[in-house]
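Chemist: If you scroll down you'll find the structure; I have some questions about it.
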2 protein chains.
Amino acid sequence: MPPRSIRDEIKQRRPFESAEQEAVVALLRTASDVARRIDATLATGGLTQPQYNVLRILRGADGPLPTMEVAARMVTPTPGITRLLDRLVGAGLVTRVACRKDRRRMLCTITDDGRAALDRLAPSVSEGAVGVMSRLSADDTATLLRLLDEVREGVRAAERAPTT
Amino acid sequence: MPPRSIRDEIKQRRPFESAEQEAVVALLRTASDVARRIDATLATGGLTQPQYNVLRILRGADGPLPTMEVAARMVTPTPGITRLLDRLVGAGLVTRVACRKDRRRMLCTITDDGRAALDRLAPSVSEGAVGVMSRLSADDTATLLRLLDEVREGVRAAERAPTT
DNA sequence: GGTGAAATGTTGATGCGTCAACTAAATGCG
DNA sequence: CGCATTTAGTTGACGCATCAACATTTCACC
């Protein structure tokens, strides 16, 4: 079975105005599909994707991280981070204490329960990623990675140049 | 300036567990960046991305479309569609009337104001897409498209096979 | 040392995605 | 015909992203 084009998937009759538009739509659609797949996996552990992301960040850190540093390492920066951490603290997966040196900061740490939740989910997540990419050769995967790097670079360039 | 790798961007110290994981993260991150860029453009016209999407669908249709048909053509299917349409109707960009043949159905149509909003935004959106993809050659863009098709196919395959 | 600027984080409002429960209308089938 | 099933759409609840406004604290500079 050959892969379906986006035009098929969104039942679009008319061709895209430009190859670039088609690529953008394909990118957004694909990411949405992948995200939903991952969400389904994480939901079995009662976590959402951003929550999982925060836990990974905190576990990977050498020690406690200030809130904004957590935000900086996420896919999406501020300020939803506060409420996201609120929920994780509420669930007992993260602790948050005021920093004594800089009293503006809150230091976040993953708890043992948090680590346990990660350990439980890690295999499925890993499998999921492999599964999703299974139709791509190693070369294809590397190429995809490179092209995505270029796209992000293009976004940055567009942001620097004030849009019309 | 060479493009930045995702590892740099999310300040990750340790390498990814697998190339697949890295590709998945890169895909999600890139889509998020692109989406935010597009949102910024659409916001100048007071529209969100899904709202723009709905308007495009309705304008592209031959006639009125039932709600679920609109949903089916969107990036994300049901049932947020109802409230999405509620807001568009509220803004006067869409009208919704009950279908006489099948009274369960609501038929949605784009209004002249809706068309005008699209016309106003179309050039910027088009430019934005080109700008974001500007660092990719035509071949690169085609390759990206093909690889994304394969990824979505991988997602479908993973969905058919009950995950661990 | 004191003042203005910058950084850290929180909160409220709004829109969206997702799940689950529900109504209402149409359809299939005996 | 009559009842069960299916389909279309709505609604409520929850989590997240984003914007703007805000309090607190620190920092830089004079």
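Just remember, in the structure tokens the first chain shown is A, the second B, etc., residues are 1-based per chain, and ligands are 1-based in the order shown.
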Please identify every residue of chain D that has at least one atom no farther than 12 Å from an atom of chain A, counting only C-alpha atoms (C1' of nucleotides), and for each give the shortest atom pair and the distance in Å to one decimal, arranged by chain then increasing number, as JSON lines.
Modeler:
{"residue": "D:DC14", "atom": "C1'", "partner": "A:Thr48", "partner_atom": "CA", "distance": 11.7}
{"residue": "D:DG15", "atom": "C1'", "partner": "A:Thr48", "partner_atom": "CA", "distance": 8.2}
{"residue": "D:DC16", "atom": "C1'", "partner": "A:Gly80", "partner_atom": "CA", "distance": 7.4}
{"residue": "D:DA17", "atom": "C1'", "partner": "A:Gly80", "partner_atom": "CA", "distance": 6.9}
{"residue": "D:DT18", "atom": "C1'", "partner": "A:Pro79", "partner_atom": "CA", "distance": 8.3}
{"residue": "D:DC19", "atom": "C1'", "partner": "A:Pro79", "partner_atom": "CA", "distance": 9.9}
{"residue": "D:DA20", "atom": "C1'", "partner": "A:Pro79", "partner_atom": "CA", "distance": 11.5}
{"residue": "D:DA23", "atom": "C1'", "partner": "A:Arg104", "partner_atom": "CA", "distance": 10.5}
{"residue": "D:DT24", "atom": "C1'", "partner": "A:Arg104", "partner_atom": "CA", "distance": 6.8}
{"residue": "D:DT25", "atom": "C1'", "partner": "A:Arg104", "partner_atom": "CA", "distance": 5.6}
{"residue": "D:DT26", "atom": "C1'", "partner": "A:Asp102", "partner_atom": "CA", "distance": 7.6}
{"residue": "D:DC27", "atom": "C1'", "partner": "A:Asp102", "partner_atom": "CA", "distance": 11.6}
Chemist: Near B:Leu65, within 10 Å and counting only C-alpha atoms (C1' of nucleotides), which residues show up once chain neighbours fewer than 5 positions away are dropped, as a ChimeraX atom specification?
Modeler: /B:57-58,70-71,96,99,105-110
Chemist: Export, as a PDB file, in the first residue's frame, the selected residues with C-alpha atoms.
Modeler:
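Output (part.pdb):
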ATOM      1  CA  ILE B  57     -12.726  24.336   3.270  1.00  0.00           C
ATOM      2  CA  LEU B  58     -16.065  26.082   2.934  1.00  0.00           C
ATOM      3  CA  VAL B  70     -16.140  20.015   7.432  1.00  0.00           C
ATOM      4  CA  ALA B  71     -14.651  18.159  10.373  1.00  0.00           C
ATOM      5  CA  ARG B  96     -25.419  27.482   9.491  1.00  0.00           C
ATOM      6  CA  CYS B  99     -30.858  20.598   6.344  1.00  0.00           C
ATOM      7  CA  ARG B 105     -27.603  17.857   9.700  1.00  0.00           C
ATOM      8  CA  MET B 106     -26.515  21.441   9.811  1.00  0.00           C
ATOM      9  CA  LEU B 107     -25.349  22.951   6.550  1.00  0.00           C
ATOM     10  CA  CYS B 108     -22.494  25.427   6.739  1.00  0.00           C
ATOM     11  CA  THR B 109     -21.744  28.147   4.216  1.00  0.00           C
ATOM     12  CA  ILE B 110     -19.093  30.814   4.071  1.00  0.00           C
TER      13      ILE B 110
END
Chemist: Using only C-alpha atoms (C1' of nucleotides), find which residues of chain C lie within 12 Å of chain A and jot them down as a ChimeraX atom specification.
Modeler: /C:7-11,17-19
Chemist: Hey, which bits of chain A sit within 6 Å of chain B, and for each residue what's the closest pair of atoms and how far apart in Å (one decimal), counting only C-alpha atoms, rows by chain and increasing number, as a tab-separated table?
Modeler:
residue	atom	partner	partner_atom	distance
A:Pro3	CA	B:Glu153	CA	5.4
A:Ile10	CA	B:Arg73	CA	4.6
A:Glu20	CA	B:Val130	CA	5.4
A:Gln21	CA	B:Ala129	CA	5.5
A:Ala23	CA	B:Leu145	CA	5.8
A:Leu28	CA	B:Ala31	CA	5.5
A:Arg29	CA	B:Val75	CA	5.8
A:Thr30	CA	B:Arg152	CA	5.8
A:Ala31	CA	B:Leu28	CA	5.5
A:Arg73	CA	B:Ile10	CA	4.6
A:Val75	CA	B:Arg29	CA	5.8
A:Ala129	CA	B:Gln21	CA	5.4
A:Val130	CA	B:Glu20	CA	5.4
A:Val132	CA	B:Gly154	CA	4.5
A:Met133	CA	B:Val151	CA	5.8
A:Leu145	CA	B:Ala23	CA	5.8
A:Asp149	CA	B:Pro3	CA	5.7
A:Glu150	CA	B:Pro3	CA	5.8
A:Val151	CA	B:Met133	CA	5.8
A:Arg152	CA	B:Thr30	CA	5.8
A:Glu153	CA	B:Pro3	CA	5.4
A:Gly154	CA	B:Val132	CA	4.6
A:Val155	CA	B:Val132	CA	5.0
Chemist: Can I get the selection written as an mmCIF file, in the first residue's frame, with N, CA and C atoms?
Modeler:
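So the final result, stored in result36.cif, reads:
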data_model
loop_
_atom_site.group_PDB
_atom_site.id
_atom_site.type_symbol
_atom_site.label_atom_id
_atom_site.label_comp_id
_atom_site.auth_asym_id
_atom_site.auth_seq_id
_atom_site.Cartn_x
_atom_site.Cartn_y
_atom_site.Cartn_z
ATOM 1 N N PRO A 3 1.872 5.131 0.410
ATOM 2 C CA PRO A 3 1.393 6.134 1.358
ATOM 3 C C PRO A 3 0.418 7.088 0.693
ATOM 4 N N ILE A 10 -7.017 15.183 3.127
ATOM 5 C CA ILE A 10 -7.930 16.260 3.466
ATOM 6 C C ILE A 10 -8.984 16.448 2.385
ATOM 7 N N GLU A 20 5.393 24.782 -1.588
ATOM 8 C CA GLU A 20 5.688 25.191 -0.214
ATOM 9 C C GLU A 20 4.443 25.065 0.659
ATOM 10 N N GLN A 21 3.321 25.522 0.131
ATOM 11 C CA GLN A 21 2.078 25.408 0.903
ATOM 12 C C GLN A 21 1.777 23.949 1.196
ATOM 13 N N ALA A 23 3.840 21.529 1.433
ATOM 14 C CA ALA A 23 4.790 21.018 2.423
ATOM 15 C C ALA A 23 4.403 21.470 3.831
ATOM 16 N N LEU A 28 2.293 20.034 9.178
ATOM 17 C CA LEU A 28 1.384 20.225 10.309
ATOM 18 C C LEU A 28 0.523 18.984 10.527
ATOM 19 N N ARG A 29 0.028 18.453 9.421
ATOM 20 C CA ARG A 29 -0.821 17.270 9.522
ATOM 21 C C ARG A 29 -0.060 16.078 10.094
ATOM 22 N N THR A 30 1.128 15.890 9.602
ATOM 23 C CA THR A 30 1.926 14.752 10.053
ATOM 24 C C THR A 30 2.250 14.868 11.537
ATOM 25 N N ALA A 31 2.657 16.062 11.942
ATOM 26 C CA ALA A 31 2.979 16.261 13.358
ATOM 27 C C ALA A 31 1.753 16.000 14.218
ATOM 28 N N ARG A 73 13.432 24.700 27.908
ATOM 29 C CA ARG A 73 13.819 23.432 27.272
ATOM 30 C C ARG A 73 12.624 22.707 26.663
ATOM 31 N N VAL A 75 9.120 22.285 24.216
ATOM 32 C CA VAL A 75 8.735 22.643 22.864
ATOM 33 C C VAL A 75 8.130 24.041 22.866
ATOM 34 N N ALA A 129 8.008 5.554 18.803
ATOM 35 C CA ALA A 129 8.817 6.356 17.887
ATOM 36 C C ALA A 129 9.364 5.488 16.768
ATOM 37 N N VAL A 130 9.889 4.336 17.144
ATOM 38 C CA VAL A 130 10.426 3.437 16.134
ATOM 39 C C VAL A 130 9.327 3.016 15.158
ATOM 40 N N VAL A 132 6.536 4.532 14.334
ATOM 41 C CA VAL A 132 6.106 5.615 13.461
ATOM 42 C C VAL A 132 7.100 5.838 12.318
ATOM 43 N N MET A 133 8.367 5.658 12.619
ATOM 44 C CA MET A 133 9.410 5.918 11.625
ATOM 45 C C MET A 133 9.810 4.657 10.860
ATOM 46 N N LEU A 145 15.617 14.607 9.218
ATOM 47 C CA LEU A 145 16.161 15.425 10.296
ATOM 48 C C LEU A 145 16.823 16.687 9.729
ATOM 49 N N ASP A 149 15.638 20.601 10.169
ATOM 50 C CA ASP A 149 16.545 21.640 10.677
ATOM 51 C C ASP A 149 16.469 22.879 9.781
ATOM 52 N N GLU A 150 16.458 22.634 8.504
ATOM 53 C CA GLU A 150 16.425 23.758 7.555
ATOM 54 C C GLU A 150 15.102 24.517 7.665
ATOM 55 N N VAL A 151 14.034 23.793 7.839
ATOM 56 C CA VAL A 151 12.742 24.465 7.970
ATOM 57 C C VAL A 151 12.742 25.368 9.201
ATOM 58 N N ARG A 152 13.225 24.848 10.306
ATOM 59 C CA ARG A 152 13.260 25.685 11.521
ATOM 60 C C ARG A 152 14.147 26.900 11.310
ATOM 61 N N GLU A 153 15.231 26.695 10.590
ATOM 62 C CA GLU A 153 16.089 27.831 10.291
ATOM 63 C C GLU A 153 15.314 28.854 9.455
ATOM 64 N N GLY A 154 14.511 28.354 8.537
ATOM 65 C CA GLY A 154 13.689 29.245 7.720
ATOM 66 C C GLY A 154 12.694 30.026 8.570
ATOM 67 N N VAL A 155 12.142 29.373 9.563
ATOM 68 C CA VAL A 155 11.215 30.063 10.459
ATOM 69 C C VAL A 155 11.948 31.191 11.189
#
Chemist: Where in stretch 15-152 of chain B does DSSP assign alpha helix (DSSP H), given as a PyMOL selection string?
Modeler: chain B and resi 19-43+49-60+67-73+80-90+112-132+138-152
Chemist: Quote the spacing between atom CA of B:Asp113 and atom CA of B:Leu93 in Å to one decimal place.
Modeler: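 Going from atom CA of B:Asp113 over to atom CA of B:Leu93, I get 5.4 Å.
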Chemist: Give me the residues within 12 Å of C:DT23 as number ranges by chain, counting only C-alpha atoms (C1' of nucleotides) and dropping any in the same chain fewer than 3 places off.
Modeler: B: 104; D: 8-11
Chemist: Just list as an MDAnalysis selection string whatever in stretch 3-164 of chain B DSSP marks as strand (DSSP E).
Modeler: chainID B and resid 65:66 94:98 106:110
Chemist: Using the selection just defined, write its residues with C-alpha atoms as an mmCIF file, in the first residue's frame.
Modeler:
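Saved as part.cif:
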data_model
loop_
_atom_site.group_PDB
_atom_site.id
_atom_site.type_symbol
_atom_site.label_atom_id
_atom_site.label_comp_id
_atom_site.auth_asym_id
_atom_site.auth_seq_id
_atom_site.Cartn_x
_atom_site.Cartn_y
_atom_site.Cartn_z
ATOM 1 C CA LEU B 65 -21.264 21.394 3.743
ATOM 2 C CA PRO B 66 -22.668 19.455 6.685
ATOM 3 C CA VAL B 94 -20.184 31.476 8.348
ATOM 4 C CA THR B 95 -23.876 30.709 8.311
ATOM 5 C CA ARG B 96 -25.419 27.482 9.491
ATOM 6 C CA VAL B 97 -28.885 26.247 8.629
ATOM 7 C CA ALA B 98 -30.664 22.988 9.264
ATOM 8 C CA MET B 106 -26.515 21.441 9.811
ATOM 9 C CA LEU B 107 -25.349 22.951 6.550
ATOM 10 C CA CYS B 108 -22.494 25.427 6.739
ATOM 11 C CA THR B 109 -21.744 28.147 4.216
ATOM 12 C CA ILE B 110 -19.093 30.814 4.071
#
